[in-house]
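K.L.:
As input, take coords_26.tsv (TSV, C-alpha atoms and all ligand atoms):
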```tsv
chain	number	residue	atom	x	y	z
N	1	MET	CA	-54.78	-49.05	-185.74
N	2	VAL	CA	-57.62	-49.55	-188.21
N	3	GLY	CA	-56.46	-51.57	-191.24
N	4	PRO	CA	-57.91	-51.79	-194.74
N	5	ILE	CA	-60.36	-54.66	-194.09
N	6	GLU	CA	-61.80	-52.98	-191.00
N	7	ASP	CA	-62.03	-49.76	-192.96
N	8	TYR	CA	-63.87	-51.61	-195.73
N	9	LEU	CA	-66.33	-53.16	-193.25
N	10	LEU	CA	-67.01	-49.82	-191.56
N	11	ASP	CA	-67.40	-48.04	-194.86
N	12	SER	CA	-69.79	-50.75	-196.12
N	13	ILE	CA	-71.89	-50.39	-192.96
N	14	ARG	CA	-71.94	-46.62	-193.45
N	15	ARG	CA	-73.03	-46.91	-197.06
N	16	LYS	CA	-75.52	-49.77	-196.74
N	17	GLY	CA	-76.85	-49.28	-193.22
N	18	ALA	CA	-76.03	-52.90	-192.33
N	19	ILE	CA	-74.10	-55.70	-193.99
N	20	HIS	CA	-74.14	-59.45	-194.39
N	21	LEU	CA	-71.18	-61.78	-193.94
N	22	THR	CA	-71.24	-65.36	-195.19
N	23	LEU	CA	-69.73	-67.96	-192.88
N	24	ILE	CA	-68.21	-71.08	-194.38
N	25	ASP	CA	-67.32	-73.92	-192.03
N	26	PRO	CA	-64.24	-75.64	-193.49
N	27	GLU	CA	-65.30	-78.97	-191.97
N	28	LYS	CA	-68.47	-79.03	-194.04
N	29	VAL	CA	-67.01	-78.22	-197.46
N	30	THR	CA	-64.46	-79.25	-200.02
N	31	ALA	CA	-62.18	-76.67	-201.61
N	32	SER	CA	-64.28	-76.67	-204.76
N	33	SER	CA	-67.68	-76.52	-203.03
N	34	SER	CA	-66.44	-73.66	-200.83
N	35	SER	CA	-65.43	-71.58	-203.82
N	36	LYS	CA	-68.85	-72.16	-205.42
N	37	LEU	CA	-70.62	-71.06	-202.21
N	38	ALA	CA	-68.45	-67.97	-201.97
N	39	GLU	CA	-69.04	-67.11	-205.60
N	40	VAL	CA	-72.82	-67.26	-205.16
N	41	ALA	CA	-72.65	-65.28	-201.92
N	42	GLU	CA	-70.54	-62.59	-203.57
N	43	SER	CA	-72.96	-62.37	-206.48
N	44	TYR	CA	-75.72	-61.66	-203.92
N	45	ASN	CA	-73.68	-58.80	-202.41
N	46	THR	CA	-72.48	-60.42	-199.22
N	47	THR	CA	-69.72	-58.10	-197.94
N	48	ALA	CA	-67.06	-60.63	-196.92
N	49	ILE	CA	-66.53	-64.35	-196.37
N	50	MET	CA	-65.81	-65.65	-192.90
N	51	VAL	CA	-64.11	-69.04	-192.58
N	52	GLY	CA	-64.21	-71.03	-189.36
N	53	GLY	CA	-65.99	-73.70	-187.36
N	54	SER	CA	-66.44	-74.85	-183.80
N	55	THR	CA	-64.41	-78.05	-183.92
N	56	SER	CA	-61.00	-78.79	-185.36
N	57	THR	CA	-59.94	-78.59	-188.98
N	58	LEU	CA	-56.69	-79.82	-190.53
N	59	THR	CA	-54.60	-76.76	-191.36
N	60	ASN	CA	-53.87	-78.22	-194.75
N	61	HIS	CA	-57.59	-78.42	-195.56
N	62	LEU	CA	-58.23	-74.92	-194.18
N	63	ASP	CA	-55.46	-73.54	-196.41
N	64	LYS	CA	-56.91	-75.30	-199.46
N	65	VAL	CA	-60.41	-73.98	-198.78
N	66	ILE	CA	-59.18	-70.41	-198.35
N	67	LYS	CA	-56.99	-70.54	-201.44
N	68	ALA	CA	-59.92	-71.84	-203.49
N	69	ILE	CA	-62.21	-69.06	-202.24
N	70	LYS	CA	-59.52	-66.46	-202.87
N	71	ARG	CA	-59.12	-67.57	-206.46
N	72	THR	CA	-62.86	-67.13	-207.01
N	73	VAL	CA	-63.99	-63.97	-205.22
N	74	GLU	CA	-62.69	-60.45	-204.69
N	75	ILE	CA	-64.34	-59.74	-201.35
N	76	PRO	CA	-62.15	-60.22	-198.26
N	77	ILE	CA	-61.75	-63.50	-196.39
N	78	ILE	CA	-61.86	-63.14	-192.61
N	79	LEU	CA	-60.86	-66.00	-190.31
N	80	PHE	CA	-63.30	-66.86	-187.52
N	81	PRO	CA	-61.07	-69.11	-185.39
N	82	ASN	CA	-62.12	-71.28	-182.48
N	83	ASN	CA	-58.48	-71.98	-181.65
N	84	VAL	CA	-54.96	-71.40	-182.97
N	85	THR	CA	-55.60	-74.18	-185.48
N	86	GLY	CA	-58.08	-71.86	-187.21
N	87	ILE	CA	-55.30	-69.55	-188.48
N	88	SER	CA	-54.29	-69.62	-192.14
N	89	LYS	CA	-51.79	-67.34	-193.83
N	90	HIS	CA	-53.92	-67.22	-196.97
N	91	ALA	CA	-56.75	-65.16	-195.44
N	92	ASP	CA	-56.90	-61.36	-195.39
N	93	ALA	CA	-57.92	-60.71	-191.80
N	94	ILE	CA	-58.84	-62.48	-188.58
N	95	TRP	CA	-61.41	-61.79	-185.90
N	96	PHE	CA	-59.04	-61.36	-182.97
N	97	MET	CA	-61.65	-62.41	-180.49
N	98	SER	CA	-62.02	-63.20	-176.82
N	99	LEU	CA	-64.95	-65.32	-175.64
N	100	LEU	CA	-66.03	-62.96	-172.87
N	101	ASN	CA	-68.32	-65.35	-171.04
N	102	SER	CA	-66.02	-68.35	-171.10
N	103	MET	CA	-65.10	-69.89	-167.77
N	104	ASP	CA	-61.80	-71.02	-169.25
N	105	PRO	CA	-58.92	-68.52	-169.38
N	106	TYR	CA	-57.67	-70.29	-172.50
N	107	PHE	CA	-60.60	-68.86	-174.52
N	108	LEU	CA	-60.32	-65.45	-172.85
N	109	ILE	CA	-56.61	-64.83	-173.46
N	110	GLY	CA	-54.64	-68.11	-173.74
N	111	ALA	CA	-55.28	-68.96	-177.40
N	112	GLN	CA	-54.84	-65.29	-178.34
N	113	VAL	CA	-51.36	-65.19	-176.77
N	114	LEU	CA	-50.42	-68.33	-178.66
N	115	GLY	CA	-51.80	-67.02	-181.96
N	116	ALA	CA	-50.63	-63.39	-181.85
N	117	SER	CA	-47.11	-63.85	-183.22
N	118	MET	CA	-48.40	-66.15	-185.99
N	119	ILE	CA	-50.91	-63.48	-187.02
N	120	LYS	CA	-48.13	-60.90	-187.17
N	121	ARG	CA	-45.80	-63.15	-189.16
N	122	TYR	CA	-48.54	-63.99	-191.66
N	123	GLY	CA	-49.51	-60.32	-192.06
N	124	LEU	CA	-53.16	-61.01	-191.19
N	125	GLU	CA	-55.15	-57.95	-190.18
N	126	PRO	CA	-56.49	-58.43	-186.64
N	127	LEU	CA	-60.06	-57.23	-186.03
N	128	PRO	CA	-60.46	-56.95	-182.24
N	129	MET	CA	-63.81	-58.39	-181.20
N	130	GLY	CA	-65.63	-59.36	-178.02
N	131	TYR	CA	-67.51	-62.62	-178.54
N	132	ILE	CA	-70.53	-63.30	-176.34
N	133	ILE	CA	-72.42	-66.58	-176.45
N	134	VAL	CA	-76.12	-66.35	-175.66
N	135	GLY	CA	-79.17	-68.63	-175.50
N	136	GLU	CA	-78.53	-72.25	-176.49
N	137	GLY	CA	-74.94	-71.45	-177.39
N	138	GLY	CA	-74.59	-74.59	-179.52
N	139	THR	CA	-71.24	-76.27	-180.17
N	140	ALA	CA	-69.37	-72.97	-179.78
N	141	GLY	CA	-70.73	-72.68	-176.23
N	142	ILE	CA	-69.67	-76.21	-175.28
N	143	VAL	CA	-66.24	-76.07	-176.91
N	144	GLY	CA	-65.58	-72.59	-175.53
N	145	ARG	CA	-66.72	-73.56	-172.02
N	146	ALA	CA	-69.10	-70.62	-171.96
N	147	VAL	CA	-71.89	-69.93	-169.55
N	148	PRO	CA	-74.34	-68.69	-172.19
N	149	ILE	CA	-76.33	-65.60	-171.29
N	150	PRO	CA	-80.02	-66.54	-171.07
N	151	TYR	CA	-82.27	-64.88	-173.63
N	152	GLU	CA	-84.37	-63.35	-170.88
N	153	LYS	CA	-81.35	-61.44	-169.50
N	154	PRO	CA	-80.66	-58.78	-172.17
N	155	GLU	CA	-79.15	-56.46	-169.57
N	156	LEU	CA	-76.40	-59.02	-168.90
N	157	ALA	CA	-75.52	-59.19	-172.59
N	158	ALA	CA	-75.45	-55.39	-172.63
N	159	VAL	CA	-72.89	-55.06	-169.83
N	160	HIS	CA	-70.66	-57.74	-171.38
N	161	ALA	CA	-70.76	-55.74	-174.61
N	162	LEU	CA	-70.00	-52.49	-172.79
N	163	ALA	CA	-67.02	-54.13	-171.07
N	164	ALA	CA	-65.77	-55.20	-174.53
N	165	GLU	CA	-65.98	-51.61	-175.75
N	166	TYR	CA	-64.19	-50.30	-172.65
N	167	PHE	CA	-61.40	-52.85	-173.24
N	168	GLY	CA	-60.92	-51.25	-176.67
N	169	MET	CA	-62.43	-54.06	-178.71
N	170	ARG	CA	-63.84	-52.62	-181.93
N	171	PHE	CA	-66.67	-55.10	-182.61
N	172	VAL	CA	-69.08	-57.10	-180.45
N	173	TYR	CA	-70.58	-60.41	-181.61
N	174	LEU	CA	-73.78	-61.81	-180.08
N	175	GLU	CA	-73.65	-65.52	-180.93
N	176	ALA	CA	-76.68	-67.78	-180.54
N	177	GLY	CA	-74.72	-70.77	-181.88
N	178	SER	CA	-74.73	-72.15	-185.38
N	179	GLY	CA	-78.08	-73.72	-186.17
N	180	ALA	CA	-79.73	-72.31	-183.03
N	181	ASN	CA	-83.47	-72.94	-182.95
N	182	THR	CA	-84.12	-69.35	-181.92
N	183	PRO	CA	-81.86	-66.51	-183.07
N	184	VAL	CA	-80.73	-63.75	-180.69
N	185	PRO	CA	-83.96	-62.12	-179.45
N	186	ILE	CA	-84.79	-58.58	-180.50
N	187	PRO	CA	-84.87	-57.15	-176.91
N	188	MET	CA	-81.30	-58.41	-176.40
N	189	ILE	CA	-80.09	-56.79	-179.65
N	190	THR	CA	-81.87	-53.56	-178.68
N	191	ALA	CA	-80.32	-53.51	-175.19
N	192	VAL	CA	-76.81	-54.09	-176.53
N	193	ASN	CA	-77.20	-51.58	-179.35
N	194	LYS	CA	-78.37	-48.93	-176.89
N	195	ILE	CA	-75.29	-49.19	-174.70
N	196	ILE	CA	-72.38	-49.56	-177.16
N	197	ASN	CA	-70.98	-47.34	-179.88
N	198	ILE	CA	-69.06	-50.01	-181.79
N	199	PRO	CA	-70.51	-52.23	-184.54
N	200	LEU	CA	-72.71	-55.08	-183.38
N	201	ILE	CA	-72.50	-58.47	-185.10
N	202	VAL	CA	-75.40	-60.91	-184.68
N	203	GLY	CA	-75.44	-64.55	-185.77
N	204	GLY	CA	-76.75	-68.02	-185.09
N	205	GLY	CA	-80.05	-69.45	-186.30
N	206	ILE	CA	-80.96	-66.63	-188.71
N	207	ARG	CA	-82.80	-68.35	-191.54
N	208	ASP	CA	-84.75	-65.76	-193.50
N	209	GLY	CA	-84.96	-62.17	-194.58
N	210	SER	CA	-87.54	-61.16	-192.02
N	211	GLN	CA	-85.42	-62.39	-189.09
N	212	ALA	CA	-82.39	-60.59	-190.53
N	213	ALA	CA	-84.34	-57.38	-191.14
N	214	SER	CA	-85.75	-57.42	-187.58
N	215	ALA	CA	-82.24	-57.88	-186.15
N	216	VAL	CA	-81.03	-54.92	-188.23
N	217	SER	CA	-83.98	-52.75	-187.16
N	218	ALA	CA	-83.10	-53.53	-183.53
N	219	GLY	CA	-79.52	-52.33	-184.11
N	220	ALA	CA	-77.42	-55.12	-185.61
N	221	ASP	CA	-74.80	-53.73	-188.01
N	222	ILE	CA	-73.53	-57.07	-189.30
N	223	ILE	CA	-75.56	-60.24	-189.82
N	224	VAL	CA	-73.68	-63.54	-190.12
N	225	THR	CA	-75.25	-66.64	-191.60
N	226	GLY	CA	-73.64	-70.03	-192.12
N	227	ASN	CA	-76.16	-72.86	-192.33
N	228	ILE	CA	-78.39	-71.37	-194.99
N	229	THR	CA	-75.41	-71.09	-197.32
N	230	GLU	CA	-74.00	-74.52	-196.67
N	231	ASN	CA	-77.21	-76.51	-196.96
N	232	ALA	CA	-78.27	-77.77	-200.34
N	233	GLY	CA	-80.35	-75.38	-202.41
N	234	PRO	CA	-80.13	-72.41	-200.05
N	235	GLN	CA	-79.28	-69.84	-202.62
N	236	LYS	CA	-82.65	-68.20	-203.04
N	237	LYS	CA	-82.83	-67.88	-199.25
N	238	LEU	CA	-79.42	-66.26	-199.15
N	239	LYS	CA	-80.38	-63.68	-201.77
N	240	GLU	CA	-83.62	-62.89	-199.94
N	241	LEU	CA	-81.67	-62.49	-196.71
N	242	VAL	CA	-78.93	-60.20	-198.05
N	243	ASP	CA	-81.54	-58.07	-199.83
N	244	ALA	CA	-83.51	-57.74	-196.59
N	245	ILE	CA	-80.45	-56.42	-194.74
N	246	SER	CA	-79.45	-53.74	-197.22
N	247	PRO	CA	-82.17	-53.43	-199.83
N	248	GLY	CA	-81.13	-52.13	-203.22
N	249	SER	CA	-77.42	-51.90	-202.36
N	250	GLU	CA	-74.84	-52.20	-205.10
N	251	GLY	CA	-71.91	-54.61	-205.09
N	252	THR	CA	-69.11	-53.55	-202.80
N	253	CYS	CA	-65.93	-54.48	-204.55
K	301	LIG	C1	-72.34	-69.26	-186.20
K	301	LIG	O1	-73.39	-67.19	-186.04
K	301	LIG	C2	-72.90	-68.12	-186.94
K	301	LIG	O2	-71.14	-68.91	-185.61
K	301	LIG	C3	-73.88	-68.54	-188.00
K	301	LIG	O3	-74.91	-69.36	-187.51
K	301	LIG	O4	-74.98	-71.29	-189.07
K	301	LIG	O5	-76.98	-70.69	-187.70
K	301	LIG	O6	-76.29	-69.27	-189.60
K	301	LIG	P1	-75.86	-70.19	-188.52
```
Could you express the structure from this file as structure tokens?

P.N.:
Amino acid sequence: MVGPIEDYLLDSIRRKGAIHLTLIDPEKVTASSSSKLAEVAESYNTTAIMVGGSTSTLTNHLDKVIKAIKRTVEIPIILFPNNVTGISKHADAIWFMSLLNSMDPYFLIGAQVLGASMIKRYGLEPLPMGYIIVGEGGTAGIVGRAVPIPYEKPELAAVHALAAEYFGMRFVYLEAGSGANTPVPIPMITAVNKIINIPLIVGGGIRDGSQAASAVSAGADIIVTGNITENAGPQKKLKELVDAISPGSEGTC
């Protein structure tokens, strides 16, 4: 069943054409710096804040970061967990994701089985998503024991994405890895967009408005950026990037 956060994301995509989500890695921030980052991102019309990283975070710190962001912004906070330790009851929703090209059943279904009852008890809205690691893959690829799909094999990414849709997942995420030297290539985004009917998320290594706009033209519905928000003095870049994705759009909350 589609819940209010999913509804909000879909409606924002409908209205704006494509949307931007800001990723905050709890390991790289303090509670107070995370709320400042989120505040700036919201003022630039990012649609929601994602919180998660590729290695482990103390639950206590994760809770503090999310509470601080929640006090500051009105847009939703969506967990982007790499394990059950990435779950916090203070968020609004969670990407309920399976790493489709992992060689380890734990990242396909194991962690999800362990986390499901916690998600229910906390009242987090699950957003079912197929996660596909491509190219360099970065830390997420190593930690998730993925065999990343090479950039020159867009057709392989496309059939992974189609399998996600046929499983009933409602989003697909093409992940190049945080800080990737080269973001997901346009032919790969085009091939995936052509074959699926569910929203396509693209992230990893996107550093400027023109890269974001090209990804959107090729069919990305949601662009995720992390590094450009976290690094010092990135804020002009972030504004340029959000504007390039959905030019002239109004605030969403
Ligand atoms: C990583 O796709 C996200 O999971 C964001 O990547 O940090 O390179 O923007 P960047």

K.L.:
Report the closest atom pair, with its distance in Å rounded to one decimal, for each residue of chain N that has an atom no farther than 7 Å from ligand LIG 301 (chain K); count only C-alpha atoms and all ligand atoms, sort by chain and then rising residue number, and write it as a Markdown table.

P.N.:
```
| residue | atom | partner | partner_atom | distance |
| --- | --- | --- | --- | --- |
| N:Leu23 | CA | K:LIG301 | C3 | 6.4 |
| N:Glu175 | CA | K:LIG301 | O1 | 5.4 |
| N:Ala176 | CA | K:LIG301 | O1 | 6.4 |
| N:Gly177 | CA | K:LIG301 | C1 | 5.2 |
| N:Ser178 | CA | K:LIG301 | O3 | 3.5 |
| N:Gly179 | CA | K:LIG301 | O5 | 3.6 |
| N:Ala180 | CA | K:LIG301 | O5 | 5.7 |
| N:Val202 | CA | K:LIG301 | O1 | 6.7 |
| N:Gly203 | CA | K:LIG301 | O1 | 3.4 |
| N:Gly204 | CA | K:LIG301 | O3 | 3.3 |
| N:Gly205 | CA | K:LIG301 | O5 | 3.6 |
| N:Ile206 | CA | K:LIG301 | O6 | 5.4 |
| N:Arg207 | CA | K:LIG301 | O6 | 6.9 |
| N:Val224 | CA | K:LIG301 | C3 | 5.4 |
| N:Thr225 | CA | K:LIG301 | O6 | 3.5 |
| N:Gly226 | CA | K:LIG301 | O4 | 3.6 |
| N:Asn227 | CA | K:LIG301 | O4 | 3.8 |
| N:Ile228 | CA | K:LIG301 | O6 | 6.2 |
```

K.L.:
Fewer than 5 positions away in the same chain doesn't count, so skip those; otherwise give me all residues within 8 Å of Ala218 in chain N, counting all atoms listed in the file, as a list in words.

P.N.:
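Once the nearby chain positions are removed, what remains is Ile186, Pro187, Ile189, Thr190 and Asn193 of chain N.
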
K.L.:
Tell me which protein, DNA and RNA residues are within 7 Å of Val84 in chain N, counting only C-alpha atoms, leaving out same-chain ones fewer than 2 positions away, and put them as an MDAnalysis selection string.

P.N.:
chainID N and resid 81 86:87 111 114:115

K.L.:
Export C-alpha atoms of the chosen residues as a CSV table (one decimal), in the frame of the given file?

P.N.:
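So the final result, stored in selection.csv, reads:
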```
chain,number,residue,atom,x,y,z
N,81,PRO,CA,-61.1,-69.1,-185.4
N,86,GLY,CA,-58.1,-71.9,-187.2
N,87,ILE,CA,-55.3,-69.6,-188.5
N,111,ALA,CA,-55.3,-69.0,-177.4
N,114,LEU,CA,-50.4,-68.3,-178.7
N,115,GLY,CA,-51.8,-67.0,-182.0
```

K.L.:
Which residue, N:Ser12, N:Thr139, N:Thr72, N:Ser210, has the smallest gap to Thr55 in chain N when you use only C-alpha atoms?

P.N.:
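Nearest to Thr55 in chain N: N:Thr139.
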
K.L.:
Could you give me, as an MDAnalysis selection string, the residues within 9 Å of range 89-99 of chain N, counting only C-alpha atoms and dropping anything in the same chain fewer than 3 positions from it?

P.N.:
chainID N and resid 5:6 50:51 63:64 66:67 70 76:81 102 107:109 111:112 116 118:119 121:133 144 146 169

K.L.:
Return the single residue from N:Thr85, N:Lys236, N:Ile149, N:Ala212 that is closest to His20 in chain N, with distances computed using all atoms listed in the file.

P.N.:
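Closest to His20 in chain N, using all atoms listed in the file: N:Ala212.
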
K.L.:
Can you take range 178-196 of chain N from the block and write N, CA, C and O atoms as a JSON list (two decimals), in the first residue's frame?

P.N.:
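What landed in result.json:
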```json
[["chain", "number", "residue", "atom", "x", "y", "z"],
["N", 178, "SER", "N", 29.13, 6.38, -3.55],
["N", 178, "SER", "CA", 29.36, 7.76, -3.10],
["N", 178, "SER", "C", 30.76, 8.21, -3.48],
["N", 178, "SER", "O", 31.74, 7.50, -3.25],
["N", 179, "GLY", "N", 30.85, 9.37, -4.11],
["N", 179, "GLY", "CA", 32.15, 9.91, -4.50],
["N", 179, "GLY", "C", 32.71, 9.27, -5.76],
["N", 179, "GLY", "O", 33.90, 9.45, -6.07],
["N", 180, "ALA", "N", 31.90, 8.53, -6.49],
["N", 180, "ALA", "CA", 32.40, 7.88, -7.72],
["N", 180, "ALA", "C", 33.03, 8.92, -8.65],
["N", 180, "ALA", "O", 32.54, 10.04, -8.76],
["N", 181, "ASN", "N", 34.10, 8.52, -9.31],
["N", 181, "ASN", "CA", 34.76, 9.44, -10.25],
["N", 181, "ASN", "C", 33.85, 9.76, -11.42],
["N", 181, "ASN", "O", 33.83, 10.88, -11.91],
["N", 182, "THR", "N", 33.13, 8.74, -11.89],
["N", 182, "THR", "CA", 32.22, 8.92, -13.03],
["N", 182, "THR", "C", 30.82, 8.52, -12.60],
["N", 182, "THR", "O", 30.62, 7.39, -12.15],
["N", 183, "PRO", "N", 29.85, 9.42, -12.72],
["N", 183, "PRO", "CA", 28.48, 9.05, -12.36],
["N", 183, "PRO", "C", 27.91, 8.02, -13.33],
["N", 183, "PRO", "O", 28.53, 7.71, -14.36],
["N", 184, "VAL", "N", 26.73, 7.51, -13.02],
["N", 184, "VAL", "CA", 26.08, 6.51, -13.88],
["N", 184, "VAL", "C", 25.99, 7.08, -15.30],
["N", 184, "VAL", "O", 25.48, 8.18, -15.51],
["N", 185, "PRO", "N", 26.50, 6.35, -16.31],
["N", 185, "PRO", "CA", 26.51, 6.88, -17.67],
["N", 185, "PRO", "C", 25.09, 7.03, -18.25],
["N", 185, "PRO", "O", 24.20, 6.24, -17.92],
["N", 186, "ILE", "N", 24.98, 8.00, -19.12],
["N", 186, "ILE", "CA", 23.67, 8.30, -19.74],
["N", 186, "ILE", "C", 23.07, 7.08, -20.47],
["N", 186, "ILE", "O", 21.89, 6.79, -20.29],
["N", 187, "PRO", "N", 23.86, 6.32, -21.27],
["N", 187, "PRO", "CA", 23.24, 5.17, -21.96],
["N", 187, "PRO", "C", 22.64, 4.15, -20.98],
["N", 187, "PRO", "O", 21.65, 3.50, -21.29],
["N", 188, "MET", "N", 23.24, 4.04, -19.79],
["N", 188, "MET", "CA", 22.70, 3.09, -18.80],
["N", 188, "MET", "C", 21.38, 3.62, -18.24],
["N", 188, "MET", "O", 20.41, 2.87, -18.09],
["N", 189, "ILE", "N", 21.31, 4.92, -17.97],
["N", 189, "ILE", "CA", 20.06, 5.52, -17.46],
["N", 189, "ILE", "C", 18.97, 5.37, -18.53],
["N", 189, "ILE", "O", 17.83, 4.98, -18.24],
["N", 190, "THR", "N", 19.33, 5.64, -19.78],
["N", 190, "THR", "CA", 18.37, 5.54, -20.87],
["N", 190, "THR", "C", 17.83, 4.12, -21.00],
["N", 190, "THR", "O", 16.62, 3.91, -21.12],
["N", 191, "ALA", "N", 18.73, 3.14, -20.94],
["N", 191, "ALA", "CA", 18.31, 1.74, -21.11],
["N", 191, "ALA", "C", 17.37, 1.32, -19.98],
["N", 191, "ALA", "O", 16.37, 0.63, -20.21],
["N", 192, "VAL", "N", 17.68, 1.74, -18.76],
["N", 192, "VAL", "CA", 16.83, 1.36, -17.62],
["N", 192, "VAL", "C", 15.48, 2.07, -17.72],
["N", 192, "VAL", "O", 14.42, 1.47, -17.55],
["N", 193, "ASN", "N", 15.53, 3.35, -18.03],
["N", 193, "ASN", "CA", 14.29, 4.14, -18.12],
["N", 193, "ASN", "C", 13.35, 3.57, -19.18],
["N", 193, "ASN", "O", 12.13, 3.58, -19.02],
["N", 194, "LYS", "N", 13.92, 3.07, -20.26],
["N", 194, "LYS", "CA", 13.12, 2.54, -21.36],
["N", 194, "LYS", "C", 12.33, 1.31, -20.94],
["N", 194, "LYS", "O", 11.23, 1.07, -21.43],
["N", 195, "ILE", "N", 12.90, 0.52, -20.03],
["N", 195, "ILE", "CA", 12.31, -0.80, -19.77],
["N", 195, "ILE", "C", 11.39, -0.82, -18.54],
["N", 195, "ILE", "O", 10.56, -1.69, -18.40],
["N", 196, "ILE", "N", 11.54, 0.15, -17.62],
["N", 196, "ILE", "CA", 10.71, 0.11, -16.40],
["N", 196, "ILE", "C", 9.66, 1.22, -16.40],
["N", 196, "ILE", "O", 9.81, 2.24, -17.08]]
```
